[in-house]
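Engineer: coords30.cif (mmCIF, C-alpha atoms and all ligand atoms) pasted underneath:
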data_model
loop_
_atom_site.label_atom_id
_atom_site.label_comp_id
_atom_site.auth_asym_id
_atom_site.auth_seq_id
_atom_site.Cartn_x
_atom_site.Cartn_y
_atom_site.Cartn_z
CA MET V 26 83.24 85.76 115.63
CA TYR V 27 83.69 87.30 112.17
CA GLU V 28 81.98 86.08 109.03
CA PHE V 29 85.19 86.60 107.00
CA LEU V 30 88.84 86.76 107.91
CA ILE V 31 90.51 88.47 104.95
CA VAL V 32 94.24 87.97 104.43
CA GLY V 33 95.64 90.94 102.48
CA SER V 34 94.36 94.50 102.15
CA GLY V 35 95.03 94.96 98.42
CA LEU V 36 92.24 95.79 96.04
CA PHE V 37 90.81 92.27 96.14
CA GLY V 38 90.67 92.11 99.95
CA ALA V 39 89.47 95.70 100.33
CA VAL V 40 86.64 95.43 97.76
CA PHE V 41 85.63 92.08 99.28
CA ALA V 42 85.46 93.57 102.79
CA HIS V 43 83.44 96.54 101.51
CA GLN V 44 80.92 94.35 99.69
CA ALA V 45 80.58 91.99 102.67
CA LYS V 46 79.92 94.93 104.96
CA GLN V 47 77.12 96.13 102.68
CA GLN V 48 75.50 92.76 103.41
CA ASN V 49 76.04 93.25 107.17
CA LYS V 50 78.72 90.58 107.30
CA ARG V 51 81.52 91.32 109.77
CA CYS V 52 85.08 91.16 108.45
CA LEU V 53 88.56 91.32 109.87
CA VAL V 54 91.32 92.29 107.42
CA ILE V 55 94.90 91.34 108.29
CA GLU V 56 97.85 92.75 106.36
CA LYS V 57 101.51 91.84 106.73
CA ARG V 58 102.80 95.20 105.49
CA SER V 59 102.78 98.26 107.75
CA HIS V 60 100.06 99.89 105.64
CA LEU V 61 96.81 98.99 103.89
CA GLY V 62 96.14 98.96 100.13
CA GLY V 63 98.53 96.38 98.69
CA ASN V 64 100.25 97.54 95.52
CA VAL V 65 98.08 100.58 94.91
CA TYR V 66 99.34 102.22 98.13
CA CYS V 67 100.92 105.67 97.71
CA GLU V 68 103.38 107.50 99.95
CA LYS V 69 103.14 111.29 100.26
CA VAL V 70 106.49 112.97 99.47
CA GLU V 71 106.78 116.76 98.97
CA GLY V 72 102.98 116.87 98.66
CA ILE V 73 103.05 114.34 95.81
CA ASN V 74 101.44 110.89 95.89
CA VAL V 75 104.27 108.50 95.05
CA HIS V 76 103.16 105.13 93.67
CA LYS V 77 105.43 103.09 95.93
CA TYR V 78 104.86 99.74 94.22
CA GLY V 79 104.80 100.94 90.61
CA ALA V 80 102.69 103.34 88.56
CA HIS V 81 98.98 102.48 88.62
CA ILE V 82 96.49 103.80 86.09
CA PHE V 83 92.90 102.69 86.46
CA HIS V 84 91.23 101.89 83.13
CA THR V 85 88.12 99.97 82.17
CA ASN V 86 85.34 99.58 79.65
CA ASN V 87 82.95 98.40 82.33
CA LYS V 88 80.59 101.20 83.39
CA GLU V 89 79.47 99.33 86.49
CA VAL V 90 83.07 99.10 87.72
CA TRP V 91 83.74 102.75 86.83
CA ASP V 92 80.60 103.91 88.69
CA PHE V 93 81.46 101.70 91.66
CA VAL V 94 84.91 103.26 92.20
CA ASN V 95 83.72 106.79 91.38
CA ASN V 96 81.00 106.50 94.01
CA LEU V 97 83.72 105.89 96.57
CA VAL V 98 86.06 108.66 95.33
CA PRO V 99 85.84 110.72 92.15
CA PHE V 100 88.53 110.06 89.54
CA ASN V 101 90.47 112.70 87.59
CA ARG V 102 90.93 112.96 83.82
CA TYR V 103 94.48 111.54 83.64
CA THR V 104 95.07 109.87 80.28
CA ASN V 105 98.12 107.70 79.92
CA SER V 106 100.26 108.76 76.96
CA PRO V 107 103.83 107.60 77.48
CA ILE V 108 106.80 108.94 75.55
CA ALA V 109 109.62 106.72 74.29
CA ASN V 110 113.19 108.01 74.37
CA TYR V 111 115.61 106.24 72.02
CA HIS V 112 119.12 107.71 71.96
CA GLY V 113 117.72 111.11 72.94
CA LYS V 114 115.05 111.23 70.25
CA LEU V 115 111.43 111.23 71.45
CA TYR V 116 108.51 109.23 70.03
CA ASN V 117 104.87 109.08 71.04
CA LEU V 118 103.34 105.82 72.24
CA PRO V 119 101.33 103.76 71.56
CA PHE V 120 102.24 103.38 67.88
CA ASN V 121 100.10 105.94 66.08
CA MET V 122 100.29 108.66 63.39
CA ASN V 123 102.47 110.82 65.68
CA THR V 124 104.99 107.97 66.01
CA PHE V 125 104.95 107.29 62.27
CA TYR V 126 105.52 110.97 61.52
CA GLN V 127 108.42 111.12 64.01
CA MET V 128 109.93 107.90 62.65
CA TRP V 129 109.51 108.40 58.90
CA GLY V 130 108.12 111.91 58.28
CA VAL V 131 104.89 110.50 56.81
CA THR V 132 101.93 112.85 57.22
CA THR V 133 98.93 110.83 56.03
CA PRO V 134 97.45 107.49 57.15
CA GLU V 135 97.84 106.18 53.61
CA ALA V 136 101.56 106.97 53.54
CA ALA V 137 102.02 105.46 57.02
CA LYS V 138 100.23 102.28 55.95
CA ALA V 139 102.42 101.96 52.88
CA LYS V 140 105.56 102.49 54.97
CA ILE V 141 104.51 99.83 57.50
CA GLU V 142 103.80 97.37 54.67
CA GLU V 143 107.24 98.08 53.18
CA GLN V 144 108.89 97.72 56.61
CA LYS V 145 107.28 94.40 57.41
CA ALA V 146 107.70 92.84 53.95
CA GLU V 147 110.96 91.08 54.80
CA ALA V 148 109.59 89.41 57.95
CA VAL V 149 106.35 88.42 56.20
CA ALA V 150 108.28 86.91 53.27
CA LYS V 151 110.53 84.97 55.65
CA MET V 152 107.56 83.51 57.49
CA LYS V 153 105.86 82.65 54.22
CA ALA V 154 108.97 80.83 53.01
CA GLU V 155 108.86 78.77 56.19
CA SER V 156 105.09 78.16 55.79
CA VAL V 157 104.36 79.96 59.06
CA THR V 158 100.98 81.70 59.25
CA GLU V 159 100.99 83.10 62.82
CA PRO V 160 103.96 84.89 64.46
CA ARG V 161 105.77 82.32 66.58
CA ASN V 162 107.39 84.73 69.00
CA LEU V 163 107.52 88.37 70.04
CA GLU V 164 110.11 89.28 67.41
CA GLU V 165 107.94 88.02 64.55
CA GLN V 166 104.88 89.61 66.12
CA GLY V 167 106.62 93.00 66.44
CA LEU V 168 107.99 92.91 62.90
CA CYS V 169 104.60 91.97 61.44
CA LEU V 170 102.80 94.60 63.48
CA VAL V 171 104.90 97.70 62.81
CA GLY V 172 107.94 96.66 60.77
CA LYS V 173 111.69 96.86 61.21
CA ASP V 174 112.43 100.46 62.28
CA ILE V 175 109.89 100.60 65.08
CA PHE V 176 110.69 97.07 66.19
CA GLU V 177 114.39 97.88 66.44
CA LYS V 178 114.11 101.33 68.02
CA LEU V 179 111.06 101.05 70.26
CA ILE V 180 110.45 97.37 71.00
CA LYS V 181 113.48 95.07 70.80
CA GLU V 182 115.87 96.44 73.42
CA TYR V 183 113.13 97.66 75.77
CA THR V 184 111.49 94.24 75.78
CA GLU V 185 114.80 92.44 76.30
CA LYS V 186 115.59 94.75 79.24
CA GLN V 187 112.17 94.22 80.72
CA TRP V 188 111.99 90.46 80.37
CA GLY V 189 115.68 89.51 80.55
CA ARG V 190 115.24 87.29 77.47
CA THR V 191 115.60 87.82 73.72
CA CYS V 192 112.50 88.67 71.68
CA ASN V 193 112.60 85.43 69.77
CA GLU V 194 112.37 83.51 73.04
CA LEU V 195 109.31 85.46 74.25
CA PRO V 196 105.65 84.73 73.44
CA ALA V 197 103.95 86.94 70.83
CA PHE V 198 100.96 87.79 73.05
CA ILE V 199 103.00 90.17 75.25
CA ILE V 200 102.82 92.92 72.64
CA LYS V 201 99.56 91.97 70.96
CA ARG V 202 97.70 94.30 73.31
CA LEU V 203 99.70 97.38 72.24
CA PRO V 204 97.45 99.44 69.95
CA VAL V 205 98.61 100.37 66.43
CA ARG V 206 96.57 103.30 65.13
CA LEU V 207 96.42 105.25 61.90
CA VAL V 208 95.09 108.31 63.76
CA PHE V 209 96.86 110.98 65.83
CA ASP V 210 95.87 109.52 69.21
CA ASN V 211 98.42 109.07 72.01
CA ASN V 212 96.00 107.50 74.49
CA TYR V 213 97.70 104.28 75.61
CA PHE V 214 94.41 102.54 76.38
CA ASN V 215 91.39 101.77 74.22
CA ASP V 216 89.05 101.73 77.24
CA ALA V 217 86.15 104.14 77.60
CA TYR V 218 87.13 105.18 81.14
CA GLN V 219 90.47 105.92 82.80
CA GLY V 220 91.88 108.09 85.57
CA ILE V 221 93.44 108.32 89.01
CA PRO V 222 91.41 108.80 92.22
CA ILE V 223 91.40 112.50 93.12
CA GLY V 224 93.63 112.74 96.18
CA GLY V 225 95.31 109.42 95.37
CA TYR V 226 94.67 105.69 95.68
CA ASN V 227 94.84 105.75 99.48
CA LYS V 228 91.50 107.61 99.40
CA LEU V 229 89.98 104.70 97.51
CA ILE V 230 91.36 102.18 99.99
CA ASP V 231 90.22 104.32 102.95
CA ALA V 232 86.71 104.50 101.49
CA LEU V 233 86.60 100.74 100.89
CA LEU V 234 87.81 99.86 104.37
CA ARG V 235 85.91 102.54 106.33
CA ASN V 236 84.55 101.11 109.62
CA ILE V 237 86.08 97.69 108.94
CA ASP V 238 88.42 96.08 111.49
CA CYS V 239 91.96 96.00 110.05
CA LYS V 240 95.28 94.90 111.51
CA THR V 241 98.55 95.81 109.79
CA ASN V 242 101.96 94.22 110.53
CA THR V 243 100.15 90.90 110.86
CA ASP V 244 101.37 87.99 108.78
CA PHE V 245 98.78 85.25 108.48
CA PHE V 246 101.41 82.53 108.70
CA ASN V 247 103.14 83.94 111.77
CA SER V 248 100.17 84.99 113.85
CA GLU V 249 97.34 83.48 115.86
CA TYR V 250 95.15 83.88 112.74
CA ARG V 251 96.78 80.85 111.11
CA ASP V 252 94.17 79.03 113.19
CA TRP V 253 91.54 81.13 111.45
CA ARG V 254 88.48 78.99 112.29
CA LYS V 255 88.71 80.30 115.85
CA TYR V 256 88.00 83.79 114.52
CA ALA V 257 85.84 83.51 111.42
CA LYS V 258 83.46 81.27 109.52
CA GLN V 259 85.21 81.80 106.18
CA LEU V 260 88.69 82.74 105.02
CA VAL V 261 89.49 85.01 102.09
CA TYR V 262 93.12 84.49 101.14
CA THR V 263 94.89 86.93 98.77
CA GLY V 264 98.53 86.00 99.50
CA PRO V 265 100.73 83.80 97.26
CA LEU V 266 99.06 80.52 96.27
CA ASP V 267 102.10 78.29 96.84
CA GLU V 268 102.82 79.77 100.28
CA TYR V 269 99.35 78.78 101.54
CA PHE V 270 100.27 75.15 100.90
CA ASP V 271 103.74 75.55 102.39
CA PHE V 272 105.31 75.23 98.90
CA ARG V 273 104.40 71.54 98.88
CA TYR V 274 105.01 71.05 95.17
CA GLY V 275 107.79 73.64 94.86
CA LYS V 276 107.90 77.41 94.38
CA LEU V 277 106.15 79.45 91.71
CA ASP V 278 108.31 81.97 89.81
CA TRP V 279 107.59 85.68 89.78
CA ARG V 280 108.91 88.68 87.93
CA THR V 281 109.77 91.74 89.93
CA VAL V 282 110.66 95.39 89.46
CA SER V 283 112.84 97.60 91.65
CA PHE V 284 112.56 101.35 91.94
CA LYS V 285 115.14 104.07 92.57
CA THR V 286 113.10 107.01 93.77
CA ARG V 287 114.47 110.50 94.37
CA ILE V 288 113.36 114.09 94.85
CA GLU V 289 114.46 116.53 92.14
CA ASP V 290 114.73 120.23 92.86
CA THR V 291 112.65 121.31 89.89
CA PRO V 292 108.89 121.56 89.45
CA ASN V 293 108.88 119.68 86.15
CA TYR V 294 111.55 117.08 85.43
CA GLN V 295 110.38 115.35 82.23
CA GLY V 296 107.01 116.92 81.37
CA ASN V 297 105.15 113.61 81.40
CA ALA V 298 104.22 110.91 83.92
CA VAL V 299 105.87 108.09 81.94
CA VAL V 300 108.98 108.16 79.75
CA ASN V 301 110.20 104.78 78.44
CA TYR V 302 113.92 104.40 77.67
CA THR V 303 113.88 101.93 74.81
CA SER V 304 117.64 101.56 74.28
CA HIS V 305 119.66 98.96 76.18
CA GLU V 306 122.31 101.59 76.87
CA VAL V 307 120.08 102.98 79.62
CA PRO V 308 119.84 100.44 82.47
CA TYR V 309 116.30 101.28 83.60
CA THR V 310 113.18 100.68 81.52
CA ARG V 311 111.36 103.87 82.35
CA ILE V 312 111.14 106.96 84.55
CA ILE V 313 107.90 107.80 86.32
CA GLU V 314 107.33 111.43 87.40
CA HIS V 315 104.54 110.95 89.92
CA LYS V 316 103.11 114.47 90.11
CA HIS V 317 101.81 114.31 86.53
CA PHE V 318 99.24 111.68 87.53
CA GLU V 319 97.40 114.22 89.64
CA MET V 320 98.69 117.73 88.88
CA PHE V 321 97.77 119.42 85.64
CA GLY V 322 98.45 122.87 84.13
CA SER V 323 99.71 125.48 86.59
CA ALA V 324 99.37 123.04 89.51
CA VAL V 325 102.58 121.37 88.25
CA TYR V 326 104.46 124.61 89.04
CA ASP V 327 102.62 125.33 92.31
CA CYS V 328 104.47 122.34 93.71
CA GLN V 329 108.15 123.41 93.68
CA LYS V 330 109.75 119.95 93.68
CA THR V 331 109.14 116.68 91.96
CA VAL V 332 109.61 112.99 92.72
CA ILE V 333 110.81 110.55 90.09
CA SER V 334 111.32 106.78 90.06
CA GLU V 335 113.65 104.87 87.78
CA GLU V 336 112.25 101.42 87.15
CA TYR V 337 114.55 98.40 86.85
CA SER V 338 113.33 95.01 85.82
CA THR V 339 115.01 92.34 87.93
CA GLU V 340 114.77 88.63 88.64
CA TYR V 341 112.64 87.68 91.60
CA THR V 342 114.49 86.25 94.57
CA GLU V 343 113.30 85.61 98.10
CA GLY V 344 112.62 88.80 100.06
CA LYS V 345 111.70 90.83 96.96
CA GLU V 346 108.10 91.71 96.06
CA PRO V 347 106.39 89.08 93.89
CA TYR V 348 104.84 91.32 91.21
CA TYR V 349 103.98 89.49 88.03
CA PRO V 350 103.26 85.77 87.65
CA VAL V 351 105.49 84.09 85.06
CA ASN V 352 102.82 82.42 82.98
CA ASP V 353 105.06 80.02 81.10
CA GLU V 354 104.20 76.35 80.72
CA LYS V 355 106.17 75.13 83.71
CA ASN V 356 104.66 77.66 86.10
CA ASN V 357 101.14 77.32 84.73
CA ARG V 358 101.31 73.58 85.31
CA LEU V 359 102.55 74.07 88.88
CA ALA V 360 99.89 76.70 89.60
CA GLN V 361 97.23 74.31 88.31
CA LYS V 362 98.36 71.66 90.81
CA TYR V 363 98.02 74.18 93.61
CA ARG V 364 94.60 75.26 92.31
CA GLU V 365 93.43 71.68 92.58
CA LEU V 366 94.44 71.72 96.24
CA ALA V 367 92.73 75.08 96.69
CA ASP V 368 89.47 73.70 95.30
CA LYS V 369 89.45 71.12 98.07
CA GLU V 370 89.77 73.67 100.91
CA VAL V 371 86.49 74.15 102.74
CA ASN V 372 85.21 77.69 103.36
CA VAL V 373 88.31 79.29 101.85
CA ILE V 374 88.17 81.76 98.95
CA PHE V 375 91.41 82.30 97.00
CA GLY V 376 91.38 85.64 95.19
CA GLY V 377 93.57 88.24 93.50
CA ARG V 378 96.86 88.43 91.71
CA LEU V 379 98.93 86.35 94.14
CA ALA V 380 96.41 83.71 95.16
CA GLU V 381 95.14 83.07 91.64
CA TYR V 382 98.64 83.41 90.13
CA LYS V 383 97.14 85.52 87.42
CA TYR V 384 98.09 88.84 85.85
CA TYR V 385 95.21 91.09 86.85
CA ASP V 386 94.69 94.77 86.18
CA MET V 387 92.81 96.66 88.88
CA ALA V 388 89.44 96.92 87.14
CA PRO V 389 89.07 93.15 86.54
CA VAL V 390 89.82 92.58 90.24
CA VAL V 391 87.01 94.98 91.19
CA GLU V 392 84.72 93.40 88.59
CA LYS V 393 85.40 89.90 89.87
CA VAL V 394 84.64 90.76 93.50
CA ILE V 395 81.48 92.68 92.60
CA SER V 396 80.25 89.67 90.62
CA MET V 397 80.96 87.34 93.57
CA PHE V 398 78.39 89.29 95.57
P1 LIG V 401 97.91 93.06 96.06
O1 LIG V 401 97.70 94.49 95.82
O2 LIG V 401 99.27 92.50 95.88
O3 LIG V 401 97.44 92.74 97.56
C1 LIG V 401 97.75 91.56 98.26
C2 LIG V 401 98.03 91.93 99.71
O4 LIG V 401 98.16 90.75 100.49
C3 LIG V 401 99.35 92.69 99.87
O5 LIG V 401 99.11 93.89 100.57
C4 LIG V 401 100.21 91.74 100.69
O6 LIG V 401 101.11 92.41 101.57
C5 LIG V 401 99.16 90.95 101.46
N1 LIG V 401 99.64 89.65 101.93
C6 LIG V 401 100.28 88.70 101.21
N2 LIG V 401 100.57 87.65 101.99
C7 LIG V 401 100.10 87.93 103.23
C8 LIG V 401 100.11 87.24 104.48
N3 LIG V 401 100.71 86.04 104.62
N4 LIG V 401 99.54 87.83 105.57
C9 LIG V 401 98.98 89.05 105.46
N5 LIG V 401 98.94 89.76 104.30
C10 LIG V 401 99.49 89.20 103.21
N6 LIG V 401 96.76 97.51 87.25
C11 LIG V 401 96.11 98.44 86.52
O7 LIG V 401 94.89 98.35 86.35
N7 LIG V 401 96.79 99.51 85.99
C12 LIG V 401 98.12 99.68 86.16
O8 LIG V 401 98.69 100.67 85.68
C13 LIG V 401 98.83 98.71 86.92
N8 LIG V 401 100.16 98.81 87.11
C14 LIG V 401 100.82 97.87 87.84
C15 LIG V 401 102.19 98.01 88.04
C16 LIG V 401 102.88 97.07 88.80
C17 LIG V 401 104.37 97.22 89.03
C18 LIG V 401 102.17 95.95 89.34
C19 LIG V 401 102.89 94.90 90.14
C20 LIG V 401 100.82 95.82 89.15
C21 LIG V 401 100.12 96.77 88.39
N9 LIG V 401 98.75 96.65 88.20
C22 LIG V 401 98.09 97.61 87.45
C23 LIG V 401 97.97 95.53 88.78
C24 LIG V 401 97.38 95.85 90.19
O9 LIG V 401 98.43 96.14 91.08
C25 LIG V 401 96.57 94.65 90.69
O10 LIG V 401 95.51 94.40 89.83
C26 LIG V 401 95.99 94.81 92.08
O11 LIG V 401 96.90 95.38 92.95
C27 LIG V 401 95.59 93.46 92.58
O12 LIG V 401 95.20 93.51 93.92
P2 LIG V 401 95.39 92.24 94.85
O13 LIG V 401 94.59 92.52 96.08
O14 LIG V 401 95.11 91.00 94.13
O15 LIG V 401 96.94 92.17 95.17
N1 LIG V 402 106.78 97.53 74.92
C1 LIG V 402 107.83 97.93 74.12
N2 LIG V 402 108.21 99.23 74.11
C2 LIG V 402 107.60 100.16 74.89
C3 LIG V 402 106.51 99.76 75.70
C4 LIG V 402 106.14 98.43 75.70
O1 LIG V 402 108.40 97.11 73.41
O2 LIG V 402 108.01 101.33 74.86
C5 LIG V 402 106.43 96.10 74.92
C6 LIG V 402 107.16 95.31 75.98
O3 LIG V 402 107.47 94.04 75.47
C7 LIG V 402 106.14 95.18 77.09
C8 LIG V 402 104.85 95.07 76.30
O4 LIG V 402 105.05 95.93 75.17
O5 LIG V 402 106.36 94.06 77.90
C9 LIG V 402 103.60 95.47 77.06
O6 LIG V 402 103.78 96.79 77.53
P1 LIG V 402 102.81 97.43 78.59
O7 LIG V 402 103.31 98.80 78.88
O8 LIG V 402 101.41 97.27 78.13
O9 LIG V 402 102.96 96.45 79.83
P2 LIG V 402 103.51 96.59 81.31
O10 LIG V 402 104.96 96.86 81.20
O11 LIG V 402 102.75 97.72 81.95
O12 LIG V 402 103.19 95.26 81.90
#
Once more with this new file: its structure as structure tokens, please.
Ligand code: FAD
Ligand code: UDP
Structural biologist:
Amino acid sequence: MYEFLIVGSGLFGAVFAHQAKQQNKRCLVIEKRSHLGGNVYCEKVEGINVHKYGAHIFHTNNKEVWDFVNNLVPFNRYTNSPIANYHGKLYNLPFNMNTFYQMWGVTTPEAAKAKIEEQKAEAVAKMKAESVTEPRNLEEQGLCLVGKDIFEKLIKEYTEKQWGRTCNELPAFIIKRLPVRLVFDNNYFNDAYQGIPIGGYNKLIDALLRNIDCKTNTDFFNSEYRDWRKYAKQLVYTGPLDEYFDFRYGKLDWRTVSFKTRIEDTPNYQGNAVVNYTSHEVPYTRIIEHKHFEMFGSAVYDCQKTVISEEYSTEYTEGKEPYYPVNDEKNNRLAQKYRELADKEVNVIFGGRLAEYKYYDMAPVVEKVISMF
């Protein structure tokens, strides 16, 4: 008899199993995929760790979380600084003095500030005329944040490609988290700590699940474990919330991404891990060159080939990977109904991105599980 049967070996399930083991509680982890690790899993191709389910960069302000993961596997000094490509011209992201120089030729923060004010004047005046105080949608938010040129070249078409909807139909909060800086700083995140586990994410998962019973290729719903009380005192469920309840109230919507991954016969394809293609003329949103997450300086050239992934934003349909919850009103209401059912389940913990129907970065998942113990 186990204390916990854990459904799903992603970060939530793996950290939970690790913490339970520290308290001498026996766990069994079951995973429907053929490998452990959920979406942080990497596949080794040409000696490069390929982020099979999308690029993952660990970042946090929480020292306890940072120390926790670094005690399992040390992290490298990778700093995310994506490049935007619009009609062949390159711009630094997030929006900072480098971007403003590339866009307008301004060389001082004062000149950049004046240019942004000038660029956003039209949108601000329009909102004022309509007695609107807060941006009502992503278009207004973008225009008020950085003005017309940047909105049109670096935000509008990229966002519409990514979300499949026009910017004036999308909520403002989506781009609120993008930093706008009057300093020459291309670091995409404001957090104190960021990096990639040295040797890749699989090392982190291996360390978390060391000496814990795990079964892959085992779907909770199509296995003997559906009758989990025979095997464990408590269930930790990290699969989709609606599926647990057999879609009783209907299905939740998800957003998904598909990847076209290929090997290129060059050691350095684009010189950066992430290049965003912000024009709608290019069908994919970005290209990831995986080696740059873990290889720096001459190491880039020690590895003769490279692996790149084109990322396409697509509608979720059955059989695809459910990646991001669609937190619009309709889906939030439906998720809430399922959460009320979940609250009534005895000895069942619902956790993680799928079971909570919540957009979670990795660090908050780790933080949440640590706090549960
Ligand atoms: P998951 O990793 O999805 O794990 C759930 C597991 O449960 C899966 O392995 C699944 O196969 C398994 N499962 C589901 N149903 C069943 C069943 N019936 N039986 C058995 N097993 C089942 N976060 C960051 O901090 N930085 C980033 O750069 C970043 N980039 C991301 C990019 C993409 C494309 C995506 C989708 C997410 C990204 N994230 C990022 C978020 C990060 O992936 C999550 O925070 C983290 O993976 C959550 O872990 P989880 O355990 O909740 O979910
Ligand atoms: N965004 C954009 N241009 C870019 C990068 C991002 O307009 O080059 C917008 C886009 O709307 C996106 C949002 O900013 O959905 C948040 O981007 P981020 O990279 O933080 O989110 P992710 O795509 O990783 O969820």
Engineer: Between V:Thr104, V:Arg51, V:Glu335, V:Val98, which one has atoms that come closest to Asp210 in chain V, using all atoms listed in the file?
Structural biologist: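 So, comparing all the options, the nearest one is V:Thr104.
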Engineer: Calculate, to one decimal in Å, the centre and edge lengths of the box along x, y and z of the file that holds all listed atoms of range 112-131 of chain V with 8 Å of margin on each side, and present them as AutoDock Vina command-line options.
Structural biologist:
--center_x 109.6 --center_y 107.6 --center_z 64.9 --size_x 35.0 --size_y 24.5 --size_z 32.1
Engineer: Once you count all atoms listed in the file, what closest atom pair and distance in Å to one decimal does each residue of range 67-151 of chain V within 12 Å of range 233-249 of chain V have, with rows by chain and rising residue number, as a tab-separated table?
Structural biologist:
residue	atom	partner	partner_atom	distance
V:Phe93	CA	V:Leu233	CA	10.6
V:Val94	CA	V:Leu233	CA	9.2
V:Asn95	CA	V:Leu233	CA	11.6
V:Asn96	CA	V:Leu233	CA	10.6
V:Leu97	CA	V:Leu233	CA	7.3
V:Val98	CA	V:Leu233	CA	9.7
Engineer: Give me, as a ChimeraX atom specification, all polymer residues having an atom no more than 12 Å from range 113-117 of chain V, counting all atoms listed in the file and skipping those fewer than 3 positions away in the same chain.
Structural biologist: /V:105-110,120-129,175,178-179,205-206,209-213,295,297,299-304,306-307
Engineer: Work out how far apart CA of Glu194 in chain V and CA of Gly167 in chain V are and give it in Å to one decimal.
Structural biologist: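 Spanning CA of Glu194 in chain V to CA of Gly167 in chain V is a straight-line distance of 12.9 Å.
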Engineer: Please give me, as a ChimeraX atom specification, the residues lying within 8 Å of ligand LIG 402 (chain V) when counting all atoms listed in the file.
Structural biologist: /V:107-109,118-119,163,176,179-185,187-188,199-203,301-303
Engineer: May I have a table of the residues of chain V lying at most 7 Å from ligand LIG 401 (chain V), giving each one's closest pair of atoms and their distance in Å to one decimal, counting only C-alpha atoms and all ligand atoms, ordered by chain and ascending residue number, as a tab-separated table?
Structural biologist:
residue	atom	partner	partner_atom	distance
V:Val32	CA	V:LIG401	C9	5.0
V:Gly33	CA	V:LIG401	O4	3.2
V:Ser34	CA	V:LIG401	O5	5.0
V:Gly35	CA	V:LIG401	O3	3.4
V:Leu36	CA	V:LIG401	O13	4.0
V:Phe37	CA	V:LIG401	O13	3.8
V:Gly38	CA	V:LIG401	O13	5.5
V:Ile55	CA	V:LIG401	C9	5.5
V:Glu56	CA	V:LIG401	N5	3.8
V:Lys57	CA	V:LIG401	C9	4.0
V:Arg58	CA	V:LIG401	O6	5.1
V:Leu61	CA	V:LIG401	O5	6.5
V:Gly62	CA	V:LIG401	O5	5.9
V:Gly63	CA	V:LIG401	O5	3.2
V:Asn64	CA	V:LIG401	O1	4.0
V:Val65	CA	V:LIG401	O11	5.7
V:Tyr78	CA	V:LIG401	C17	5.8
V:Gly79	CA	V:LIG401	C17	4.1
V:Ala80	CA	V:LIG401	C15	5.4
V:His81	CA	V:LIG401	O8	3.5
V:Ile82	CA	V:LIG401	O8	3.8
V:Phe83	CA	V:LIG401	O7	4.8
V:His84	CA	V:LIG401	O7	6.0
V:Thr243	CA	V:LIG401	C9	5.8
V:Asp244	CA	V:LIG401	N4	3.7
V:Phe245	CA	V:LIG401	N4	4.0
V:Phe246	CA	V:LIG401	N3	5.4
V:Thr263	CA	V:LIG401	O4	5.3
V:Gly264	CA	V:LIG401	N2	3.6
V:Pro265	CA	V:LIG401	N2	6.1
V:Val282	CA	V:LIG401	C17	6.6
V:Tyr348	CA	V:LIG401	C19	4.2
V:Tyr349	CA	V:LIG401	C19	5.9
V:Gly376	CA	V:LIG401	O14	6.6
V:Gly377	CA	V:LIG401	O14	3.2
V:Arg378	CA	V:LIG401	O14	3.9
V:Leu379	CA	V:LIG401	O14	6.0
V:Tyr385	CA	V:LIG401	O10	4.5
V:Asp386	CA	V:LIG401	O7	3.6
V:Met387	CA	V:LIG401	O10	3.6
V:Ala388	CA	V:LIG401	O7	5.7
V:Val390	CA	V:LIG401	O10	6.0
Engineer: For CA of Gln259 in chain V and CA of Leu30 in chain V, determine how far apart the two atoms are, in Å to one decimal place.
Structural biologist: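 It comes out at 6.4 Å.
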Engineer: Report, in Å with one decimal, the straight-line distance from CA of Phe270 in chain V to CA of Pro350 in chain V.
Structural biologist: 17.2 Å
Engineer: Go through V:Pro196, V:Gly225, V:Pro389, V:Pro347 one by one, measure the shortest atom-to-atom distance of each to Lys316 in chain V using only C-alpha atoms, and give the residue with the smallest value.
Structural biologist: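 Checking each of V:Pro196, V:Gly225, V:Pro389, V:Pro347 against Lys316 in chain V, counting only C-alpha atoms, the winner is V:Gly225.
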Engineer: Which residues are close to Trp91 in chain V, i.e. within 10 Å by all atoms listed in the file, leaving aside same-chain residues fewer than 5 positions away? Reply as a PyMOL selection string.
Structural biologist: chain V and resi 83-86+96+99-100+217-220+388+391-392
Engineer: So, counting all atoms listed in the file, which residue among V:Asn372, V:Phe214, V:Val70, V:Leu260 is closest to Arg287 in chain V?
Structural biologist: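 For Arg287 in chain V, the nearest of the candidates is V:Val70.
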Engineer: Given the choices V:His43, V:Lys285, V:Lys173, V:Arg190, which gets closest to Ile395 in chain V if the distance is worked out from only C-alpha atoms?
Structural biologist: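 Selected residue with least distance to Ile395 in chain V: V:His43.
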Engineer: Restricting the calculation to all atoms listed in the file, which member of V:His305, V:Gly296, V:Ala136, V:Thr339 is positioned closest to Gly322 in chain V?
Structural biologist: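 That would be V:Gly296, the residue with the smallest distance to Gly322 in chain V.
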Engineer: Between V:Val40, V:Cys328, V:Leu266, V:Tyr226, which residue has the minimum interatomic distance to Val90 in chain V, considering all atoms listed in the file?
Structural biologist: V:Val40
Engineer: Quick one: residues within 9 Å of Val373 in chain V, only C-alpha atoms, excluding same-chain residues fewer than 2 positions away - as a ChimeraX atom specification?
Structural biologist: /V:259-262,367-368,370-371,375
Engineer: Enumerate, as a ChimeraX atom specification, the protein, DNA and RNA residues whose atoms approach (98.9, 77.0, 93.3) to within 8 Å, taking into account only C-alpha atoms and the coordinate frame of the file.
Structural biologist: /V:266-267,270,277,359-367,380-382
